[in-house]
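The structure file data.txt is reproduced below (compact mmCIF, C-alpha atoms and all ligand atoms).
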```txt
# COMPACT_ATOMS: atom_id res chain seq x y z
CA MET N 1 -17.19 -13.21 11.45
CA HIS N 2 -13.85 -14.73 12.41
CA LEU N 3 -15.03 -15.27 15.96
CA LEU N 4 -17.54 -17.81 14.71
CA VAL N 5 -15.04 -19.79 12.66
CA PRO N 6 -13.58 -22.97 14.18
CA LYS N 7 -9.82 -22.90 14.49
CA VAL N 8 -9.01 -25.15 11.50
CA GLY N 9 -11.59 -23.45 9.31
CA LYS N 10 -10.17 -20.10 10.27
CA MET N 11 -6.70 -21.16 9.21
CA TYR N 12 -7.97 -22.39 5.84
CA LEU N 13 -10.08 -19.29 5.36
CA SER N 14 -7.14 -17.00 5.90
CA SER N 15 -5.14 -19.08 3.39
CA LEU N 16 -7.87 -18.49 0.87
CA PHE N 17 -7.96 -14.79 1.62
CA TYR N 18 -4.23 -14.76 1.08
CA CYS N 19 -4.59 -16.53 -2.27
CA LEU N 20 -7.32 -14.23 -3.52
CA ASN N 21 -5.52 -11.09 -2.45
CA ARG N 22 -2.27 -12.14 -4.04
CA LYS N 23 -3.95 -13.39 -7.19
CA THR N 24 -5.63 -10.05 -7.57
CA SER N 25 -2.28 -8.33 -7.55
CA LEU N 26 -0.96 -10.77 -10.13
CA VAL N 27 -3.94 -10.31 -12.44
CA SER N 28 -3.79 -6.55 -12.12
CA ASN N 29 -0.18 -6.36 -13.13
CA ASN N 30 -0.60 -8.71 -16.04
CA GLN N 31 -3.59 -6.80 -17.35
CA GLN N 32 -1.43 -3.74 -17.59
CA GLY N 33 1.45 -5.60 -19.24
CA ASP N 34 3.85 -4.79 -16.43
CA PRO N 35 6.91 -6.82 -15.76
CA LEU N 36 6.44 -8.43 -12.37
CA PRO N 37 8.53 -6.78 -9.68
CA GLN N 38 11.73 -8.59 -8.86
CA GLY N 39 10.89 -11.88 -7.14
CA GLY N 40 7.88 -12.49 -5.02
CA ARG N 41 4.80 -12.91 -7.15
CA ARG N 42 5.25 -15.82 -9.52
CA ASP N 43 5.25 -18.39 -6.75
CA ASP N 44 1.68 -17.48 -5.80
CA HIS N 45 0.39 -20.41 -7.85
CA SER N 46 1.73 -22.74 -5.18
CA LEU N 47 -1.20 -21.82 -2.94
CA TRP N 48 -3.94 -22.42 -5.47
CA PRO N 49 -4.36 -26.09 -4.63
CA VAL N 50 -5.31 -25.02 -1.11
CA ALA N 51 -7.95 -22.68 -2.51
CA ILE N 52 -9.26 -25.30 -4.92
CA LEU N 53 -9.53 -27.81 -2.09
CA ILE N 54 -11.63 -25.59 0.12
CA LEU N 55 -13.80 -23.77 -2.39
CA PRO N 56 -16.36 -26.58 -2.83
CA ILE N 57 -16.86 -27.08 0.92
CA PRO N 58 -20.32 -25.82 1.86
CA SER N 59 -20.17 -23.95 5.10
CA PRO N 60 -22.42 -21.68 7.12
CA TRP N 61 -19.57 -19.26 7.79
CA TRP N 62 -18.53 -18.86 4.18
CA SER N 63 -19.61 -15.43 3.05
CA GLY N 64 -17.78 -15.26 -0.27
CA PRO N 65 -15.10 -13.11 -1.81
CA THR N 66 -17.21 -9.95 -1.68
CA ASP N 67 -16.13 -9.85 1.96
CA LEU N 68 -12.58 -8.97 0.90
CA SER N 69 -10.85 -5.77 0.07
CA LYS N 70 -8.90 -6.34 -3.12
CA ILE N 71 -5.51 -4.74 -3.53
CA HIS N 72 -4.55 -4.10 -7.14
CA THR N 73 -0.98 -3.06 -7.92
CA LEU N 74 0.18 -0.96 -10.84
CA VAL N 75 3.90 -0.32 -11.06
CA VAL N 76 4.32 3.20 -12.44
CA GLY N 77 6.98 5.73 -13.37
CA GLN N 78 10.74 5.70 -13.64
CA LEU N 79 11.25 4.71 -9.98
CA GLN N 80 8.84 1.77 -10.35
CA THR N 81 6.45 3.01 -7.68
CA ASN N 82 3.63 0.73 -6.59
CA CYS N 83 0.35 2.55 -7.15
CA TYR N 84 -2.37 0.67 -5.28
CA VAL N 85 -6.06 0.57 -6.04
CA VAL N 86 -7.81 -0.70 -2.93
CA GLU N 87 -11.25 -1.99 -3.86
CA SER N 88 -14.15 -2.89 -1.64
CA ASN N 89 -17.85 -3.24 -2.48
CA SER N 90 -17.68 -1.27 -5.72
CA HIS N 91 -15.69 1.55 -4.11
CA ALA N 92 -11.99 2.17 -4.47
CA LEU N 93 -9.19 4.29 -3.12
CA ILE N 94 -6.18 5.22 -5.26
CA VAL N 95 -2.94 5.30 -3.29
CA ASP N 96 0.29 6.82 -4.63
CA PRO N 97 -0.52 7.56 -8.27
CA GLY N 98 3.15 8.26 -8.90
CA ASP N 99 2.92 8.58 -12.69
CA GLU N 100 1.09 7.25 -15.77
CA PRO N 101 -2.33 8.65 -14.80
CA GLU N 102 -3.92 7.53 -18.09
CA ARG N 103 -3.01 3.93 -17.36
CA ILE N 104 -4.37 4.19 -13.80
CA LEU N 105 -7.60 5.70 -15.13
CA ARG N 106 -8.00 2.96 -17.73
CA PHE N 107 -7.52 0.38 -15.02
CA VAL N 108 -10.11 1.83 -12.61
CA LYS N 109 -12.58 2.32 -15.47
CA ASP N 110 -12.37 -1.39 -16.22
CA LEU N 111 -12.94 -2.14 -12.54
CA ASN N 112 -16.21 -0.21 -12.71
CA VAL N 113 -15.90 1.22 -9.20
CA THR N 114 -16.61 4.57 -7.56
CA ILE N 115 -13.36 6.28 -6.60
CA THR N 116 -13.68 7.81 -3.13
CA CYS N 117 -10.35 9.65 -2.83
CA ILE N 118 -6.68 9.78 -3.79
CA VAL N 119 -4.13 9.37 -1.01
CA ALA N 120 -0.36 9.81 -1.03
CA THR N 121 1.55 7.88 1.64
CA HIS N 122 4.04 10.77 1.39
CA THR N 123 4.82 13.50 -1.10
CA HIS N 124 8.06 12.49 -2.83
CA PHE N 125 7.60 13.10 -6.55
CA ASP N 126 7.49 9.43 -7.42
CA HIS N 127 4.27 9.06 -5.39
CA VAL N 128 2.37 12.14 -6.57
CA LEU N 129 3.21 12.94 -10.21
CA GLY N 130 0.02 11.26 -11.45
CA VAL N 131 -2.33 12.91 -8.92
CA ASP N 132 -3.58 15.78 -11.08
CA GLY N 133 -4.19 13.55 -14.08
CA VAL N 134 -6.25 11.13 -11.98
CA ARG N 135 -8.08 13.80 -10.00
CA ILE N 136 -9.26 15.81 -12.99
CA VAL N 137 -11.17 12.79 -14.31
CA THR N 138 -12.30 11.15 -11.05
CA LYS N 139 -13.16 14.50 -9.38
CA THR N 140 -12.11 13.13 -6.01
CA PRO N 141 -10.12 14.82 -3.23
CA PHE N 142 -6.37 14.40 -2.85
CA LEU N 143 -5.36 13.75 0.76
CA ILE N 144 -1.99 13.74 2.57
CA HIS N 145 -0.67 14.17 6.11
CA ARG N 146 -0.13 17.85 6.86
CA ASP N 147 3.52 17.32 7.88
CA ASP N 148 4.36 16.51 4.26
CA LEU N 149 2.87 19.68 2.81
CA SER N 150 6.04 21.78 2.74
CA MET N 151 7.92 18.96 1.03
CA LEU N 152 5.17 18.80 -1.61
CA GLU N 153 5.25 22.55 -2.14
CA SER N 154 9.00 22.49 -2.77
CA MET N 155 8.84 19.39 -4.96
CA GLN N 156 10.09 21.06 -8.14
CA SER N 157 13.21 22.59 -6.58
CA ARG N 158 13.99 19.42 -4.64
CA VAL N 159 13.73 17.20 -7.69
CA ARG N 160 15.89 19.65 -9.65
CA GLN N 161 18.48 19.64 -6.84
CA PHE N 162 18.55 15.94 -5.98
CA MET N 163 17.50 14.26 -9.22
CA GLY N 164 18.59 16.80 -11.82
CA PHE N 165 15.44 16.99 -13.91
CA GLU N 166 12.25 19.03 -14.14
CA VAL N 167 8.79 17.95 -12.97
CA PRO N 168 5.41 19.72 -13.27
CA PRO N 169 4.10 21.89 -10.41
CA PRO N 170 2.91 19.87 -7.40
CA PRO N 171 -0.78 18.96 -7.09
CA LYS N 172 -2.95 21.01 -4.76
CA VAL N 173 -4.04 19.29 -1.57
CA ASP N 174 -7.77 18.98 -0.82
CA GLY N 175 -7.53 17.74 2.75
CA TYR N 176 -5.34 16.32 5.49
CA LEU N 177 -5.28 12.93 7.15
CA LYS N 178 -4.54 12.53 10.85
CA ASP N 179 -3.13 9.61 12.77
CA GLY N 180 -5.95 7.26 13.78
CA GLU N 181 -8.42 8.63 11.26
CA LEU N 182 -10.67 6.09 9.55
CA LEU N 183 -11.25 6.18 5.80
CA LYS N 184 -14.49 4.56 4.70
CA LEU N 185 -14.40 2.30 1.68
CA GLY N 186 -17.68 0.54 0.89
CA ASP N 187 -18.44 -1.40 4.05
CA LYS N 188 -14.77 -1.42 5.12
CA THR N 189 -12.63 1.04 7.00
CA ILE N 190 -8.95 1.83 6.60
CA ARG N 191 -7.01 3.31 9.50
CA VAL N 192 -4.40 6.02 8.96
CA LEU N 193 -1.15 5.38 10.86
CA HIS N 194 1.34 8.23 11.05
CA THR N 195 4.69 6.53 10.36
CA PRO N 196 7.25 9.35 9.95
CA GLY N 197 10.97 8.96 9.41
CA HIS N 198 11.30 8.56 5.64
CA SER N 199 9.53 11.92 5.55
CA PRO N 200 7.82 13.92 8.33
CA GLY N 201 4.30 13.21 7.09
CA SER N 202 4.64 9.63 5.92
CA ILE N 203 1.56 7.55 6.62
CA SER N 204 0.63 3.89 6.39
CA LEU N 205 -2.87 2.67 5.62
CA SER N 206 -4.03 -0.28 7.68
CA GLY N 207 -6.97 -2.41 6.56
CA GLU N 208 -8.27 -5.86 7.37
CA GLY N 209 -5.26 -8.17 7.00
CA TYR N 210 -3.07 -5.73 5.11
CA VAL N 211 -1.12 -2.50 5.45
CA LEU N 212 0.17 -0.12 2.79
CA THR N 213 3.47 1.19 4.12
CA GLY N 214 4.65 3.66 1.47
CA ASP N 215 8.42 4.05 1.70
CA ALA N 216 8.62 3.33 5.45
CA LEU N 217 8.95 -0.47 5.30
CA PHE N 218 9.90 -2.65 2.33
CA ASN N 219 10.39 -6.34 1.76
CA GLN N 220 13.81 -6.85 3.45
CA SER N 221 14.55 -3.13 3.63
CA ILE N 222 13.46 0.22 5.06
CA GLY N 223 13.05 3.67 3.53
CA ARG N 224 16.00 5.98 3.02
CA THR N 225 16.39 8.76 5.57
CA ASP N 226 19.12 10.85 3.97
CA LEU N 227 16.75 13.15 2.09
CA PRO N 228 15.61 16.43 3.73
CA GLY N 229 13.03 15.71 6.43
CA GLY N 230 14.21 12.14 6.89
CA ASP N 231 15.25 10.80 10.29
CA LEU N 232 16.53 7.28 10.91
CA GLN N 233 15.63 6.97 14.58
CA THR N 234 12.11 8.23 13.90
CA LEU N 235 11.70 5.71 11.07
CA VAL N 236 12.88 2.79 13.19
CA GLN N 237 10.46 3.85 15.94
CA SER N 238 7.60 4.11 13.45
CA ILE N 239 8.28 0.61 12.20
CA LYS N 240 8.79 -1.01 15.58
CA GLU N 241 6.14 0.83 17.57
CA ARG N 242 3.44 1.15 14.92
CA LEU N 243 3.85 -1.32 12.05
CA PHE N 244 5.30 -4.21 14.05
CA LYS N 245 2.32 -3.96 16.43
CA LEU N 246 0.10 -5.23 13.61
CA GLY N 247 -0.51 -8.99 13.39
CA ASP N 248 2.28 -11.14 12.01
CA GLU N 249 0.06 -12.36 9.15
CA THR N 250 -0.64 -8.80 8.00
CA ILE N 251 0.37 -8.48 4.34
CA VAL N 252 2.64 -5.49 3.75
CA TYR N 253 2.19 -3.65 0.45
CA PRO N 254 5.21 -1.32 0.19
CA GLY N 255 5.78 1.72 -1.99
CA HIS N 256 8.28 -0.18 -4.15
CA GLY N 257 9.01 -3.86 -4.75
CA PRO N 258 7.19 -7.02 -3.75
CA GLU N 259 4.83 -7.64 -0.85
CA THR N 260 5.89 -9.19 2.41
CA THR N 261 4.31 -9.76 5.83
CA ILE N 262 4.83 -8.09 9.18
CA GLY N 263 5.93 -11.46 10.62
CA ASP N 264 8.59 -11.98 7.95
CA GLU N 265 10.02 -8.49 8.43
CA LYS N 266 10.03 -8.80 12.24
CA LEU N 267 12.06 -11.94 11.84
CA ALA N 268 14.37 -11.29 8.91
CA ASN N 269 14.48 -7.61 7.95
CA PRO N 270 18.24 -6.83 7.92
CA PHE N 271 17.66 -3.38 9.44
CA VAL N 272 14.81 -3.69 11.94
CA GLY N 273 14.28 -7.46 12.21
CA LYS N 274 15.13 -9.67 15.17
CA ALA N 275 18.85 -9.70 14.40
CA GLY N 276 18.81 -6.49 12.37
CA ARG N 277 21.56 -3.92 12.67
CA LEU N 278 19.32 -1.08 13.90
CA GLN N 279 18.16 -1.70 17.44
CA ILE N 280 17.20 1.88 18.28
CA GLY N 281 14.17 2.63 20.43
ZN ZN W 301 9.79 8.33 -0.78
ZN ZN W 302 9.11 6.10 -3.36
```
Represent the structure from my file as structure tokens, please.
Ligand SMILES: [Zn+2]
Ligand SMILES: [Zn+2]
Amino acid sequence: MHLLVPKVGKMYLSSLFYCLNRKTSLVSNNQQGDPLPQGGRRDDHSLWPVAILILPIPSPWWSGPTDLSKIHTLVVGQLQTNCYVVESNSHALIVDPGDEPERILRFVKDLNVTITCIVATHTHFDHVLGVDGVRIVTKTPFLIHRDDLSMLESMQSRVRQFMGFEVPPPPKVDGYLKDGELLKLGDKTIRVLHTPGHSPGSISLSGEGYVLTGDALFNQSIGRTDLPGGDLQTLVQSIKERLFKLGDETIVYPGHGPETTIGDEKLANPFVGKAGRLQIG
């Protein structure tokens, strides 16, 4: 569709996509009564005039908001993990249900969508504690990258050792995702990118105009690599050779904190940006 759009129209269209995507996140959080994550979302209103200006313009290339994947954010658990519900054409994927499964279930029920699967970007406890609660009701498979299986299996002892508290047994895995694999969601596809470094089996999920990066890349930061299975050089390579190859306008939805874009992080990320302190690889 974009190929048919004149240059100016294309620019305006992507602005509108940006508005709708961001607004969706804002609405989702407010519906759940969450505090907004620090910084980053309240200024979204500034783009609404652009959307209002272009909405009434009749155009042969306008195909409406059903063409979008919507990214809903629910901040869950004690480490304030971003659980994402990616929605497209009445289907949805639940990514990183890190806690509060009842709240996630209430949210997807209100969306009135068919859940296709549950995916963890990696298997640290703060991304998987809600999996069983969500799976038992949605009856959908739980998928991870195989390289994170051993970390999942030892979740209880690791949390006891590093965090000092008890967690329930880890969820069972129903299937494994490979680098390059395509997940179908309605009429959209989401590509699995293996982005290890924060953990061996960390993955990112790349869709049209967005990428979910788990704990690999954050707004102005990168994932920690001091936990077992972490490796700094591998993480920097994952970010620079995989994530930074995506378009600059790509919206980054990280595992914690506010969204950003690939372009902003390439420029200003203090670790892996243009003048960042880590220039490995
Ligand atoms: Zn993590
Ligand atoms: Zn995390």
key: Shell of 6 Å around ligand ZN 302 (chain W) (all atoms listed in the file), written as a PyMOL selection string   = chain N and resi 81+126+215+255
Return as a PDB file with C-alpha atoms, in the coordinates of the input every polymer residue, whether protein, DNA or RNA, with at least one atom no more than 7 Å from an atom of ligand ZN 301 (chain W); count only C-alpha atoms and all ligand atoms.
```
ATOM      1  CA  HIS N 122       4.040  10.770   1.390  1.00  0.00           C
ATOM      2  CA  HIS N 124       8.060  12.490  -2.830  1.00  0.00           C
ATOM      3  CA  HIS N 198      11.300   8.560   5.640  1.00  0.00           C
ATOM      4  CA  ASP N 215       8.420   4.050   1.700  1.00  0.00           C
TER       5      ASP N 215
END
```
request  = Give as a PyMOL selection string each residue that has an atom at most 7 Å from (-5.9, 3.3, 5.3) in the file, counting all atoms listed in the file.
outcome  = chain N and resi 182-183+190-192+204-207
message = Just want the 10 Å neighbourhood of Leu111 (chain N), counted on only C-alpha atoms, with same-chain residues fewer than 6 positions away dropped. Output as a ChimeraX atom specification.
response = /N:85,87,90-92,105
Mind dumping a table of every region 61-135 of chain N residue within 12 Å of region 156-170 of chain N, with the nearest atom pair and its distance in Å to one decimal, using all atoms listed in the file, sorted by chain and rising number, as JSON lines?
```
{"residue": "N:Gln78", "atom": "CA", "partner": "N:Met163", "partner_atom": "CA", "distance": 11.8}
{"residue": "N:Leu79", "atom": "CA", "partner": "N:Met163", "partner_atom": "CA", "distance": 11.4}
{"residue": "N:Gly98", "atom": "CA", "partner": "N:Pro170", "partner_atom": "CA", "distance": 11.7}
{"residue": "N:Asp99", "atom": "CA", "partner": "N:Val167", "partner_atom": "CA", "distance": 11.1}
{"residue": "N:Thr123", "atom": "CA", "partner": "N:Pro170", "partner_atom": "CA", "distance": 9.2}
{"residue": "N:His124", "atom": "CA", "partner": "N:Val159", "partner_atom": "CA", "distance": 8.8}
{"residue": "N:Phe125", "atom": "CA", "partner": "N:Val159", "partner_atom": "CA", "distance": 7.5}
{"residue": "N:Asp126", "atom": "CA", "partner": "N:Val159", "partner_atom": "CA", "distance": 10.0}
{"residue": "N:His127", "atom": "CA", "partner": "N:Pro170", "partner_atom": "CA", "distance": 11.1}
{"residue": "N:Val128", "atom": "CA", "partner": "N:Pro170", "partner_atom": "CA", "distance": 7.8}
{"residue": "N:Leu129", "atom": "CA", "partner": "N:Pro170", "partner_atom": "CA", "distance": 7.5}
{"residue": "N:Gly130", "atom": "CA", "partner": "N:Pro170", "partner_atom": "CA", "distance": 9.9}
{"residue": "N:Val131", "atom": "CA", "partner": "N:Pro170", "partner_atom": "CA", "distance": 8.8}
{"residue": "N:Asp132", "atom": "CA", "partner": "N:Pro170", "partner_atom": "CA", "distance": 8.5}
{"residue": "N:Gly133", "atom": "CA", "partner": "N:Pro168", "partner_atom": "CA", "distance": 11.4}
```
Okay, now the selection with C-alpha atoms, as an mmCIF file, keeping the file's coordinate frame?
```cif
data_model
loop_
_atom_site.group_PDB
_atom_site.id
_atom_site.type_symbol
_atom_site.label_atom_id
_atom_site.label_comp_id
_atom_site.auth_asym_id
_atom_site.auth_seq_id
_atom_site.Cartn_x
_atom_site.Cartn_y
_atom_site.Cartn_z
ATOM 1 C CA GLN N 78 10.740 5.700 -13.640
ATOM 2 C CA LEU N 79 11.250 4.710 -9.980
ATOM 3 C CA GLY N 98 3.150 8.260 -8.900
ATOM 4 C CA ASP N 99 2.920 8.580 -12.690
ATOM 5 C CA THR N 123 4.820 13.500 -1.100
ATOM 6 C CA HIS N 124 8.060 12.490 -2.830
ATOM 7 C CA PHE N 125 7.600 13.100 -6.550
ATOM 8 C CA ASP N 126 7.490 9.430 -7.420
ATOM 9 C CA HIS N 127 4.270 9.060 -5.390
ATOM 10 C CA VAL N 128 2.370 12.140 -6.570
ATOM 11 C CA LEU N 129 3.210 12.940 -10.210
ATOM 12 C CA GLY N 130 0.020 11.260 -11.450
ATOM 13 C CA VAL N 131 -2.330 12.910 -8.920
ATOM 14 C CA ASP N 132 -3.580 15.780 -11.080
ATOM 15 C CA GLY N 133 -4.190 13.550 -14.080
#
```
Closest atom pairs, residues of region 162-195 of chain N within 10 Å of region 222-243 of chain N, all atoms listed in the file, as a Markdown table:
```
| residue | atom | partner | partner_atom | distance |
| --- | --- | --- | --- | --- |
| N:Phe162 | CA | N:Leu227 | CA | 8.7 |
| N:Leu193 | CA | N:Arg242 | CA | 7.4 |
| N:His194 | CA | N:Ser238 | CA | 7.9 |
| N:Thr195 | CA | N:Ser238 | CA | 4.9 |
```
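What separates CA of Ile118 (chain N) from CA of Lys172 (chain N) is a distance of 11.9 Å.
If you look at CA of Val76 (chain N) and CA of Phe271 (chain N), they are 26.5 Å away from each other.
For the set N:Thr213, N:Gly77, N:Glu153, N:Ser221, the residue with the smallest atom-to-atom gap to Gly276 (chain N) is N:Ser221, counting all atoms listed in the file.
The spacing separating CA of Lys266 (chain N) from CA of Glu249 (chain N) amounts to 11.0 Å.
If only C-alpha atoms are the atoms counted, then among N:Phe244, N:Arg277, N:Tyr84, N:Arg106 the closest residue to Ile71 (chain N) is N:Tyr84.
Remark: for Pro270 (chain N), the closest of the candidate residues N:Thr73, N:Gln220, N:Ser154, N:Thr114 is N:Gln220 (distances computed over all atoms listed in the file).
Compared by their closest atoms to Ser199 (chain N), and using all atoms listed in the file, the residues N:Gly175, N:Thr121, N:Leu143, N:Asp264 rank with N:Thr121 nearest.
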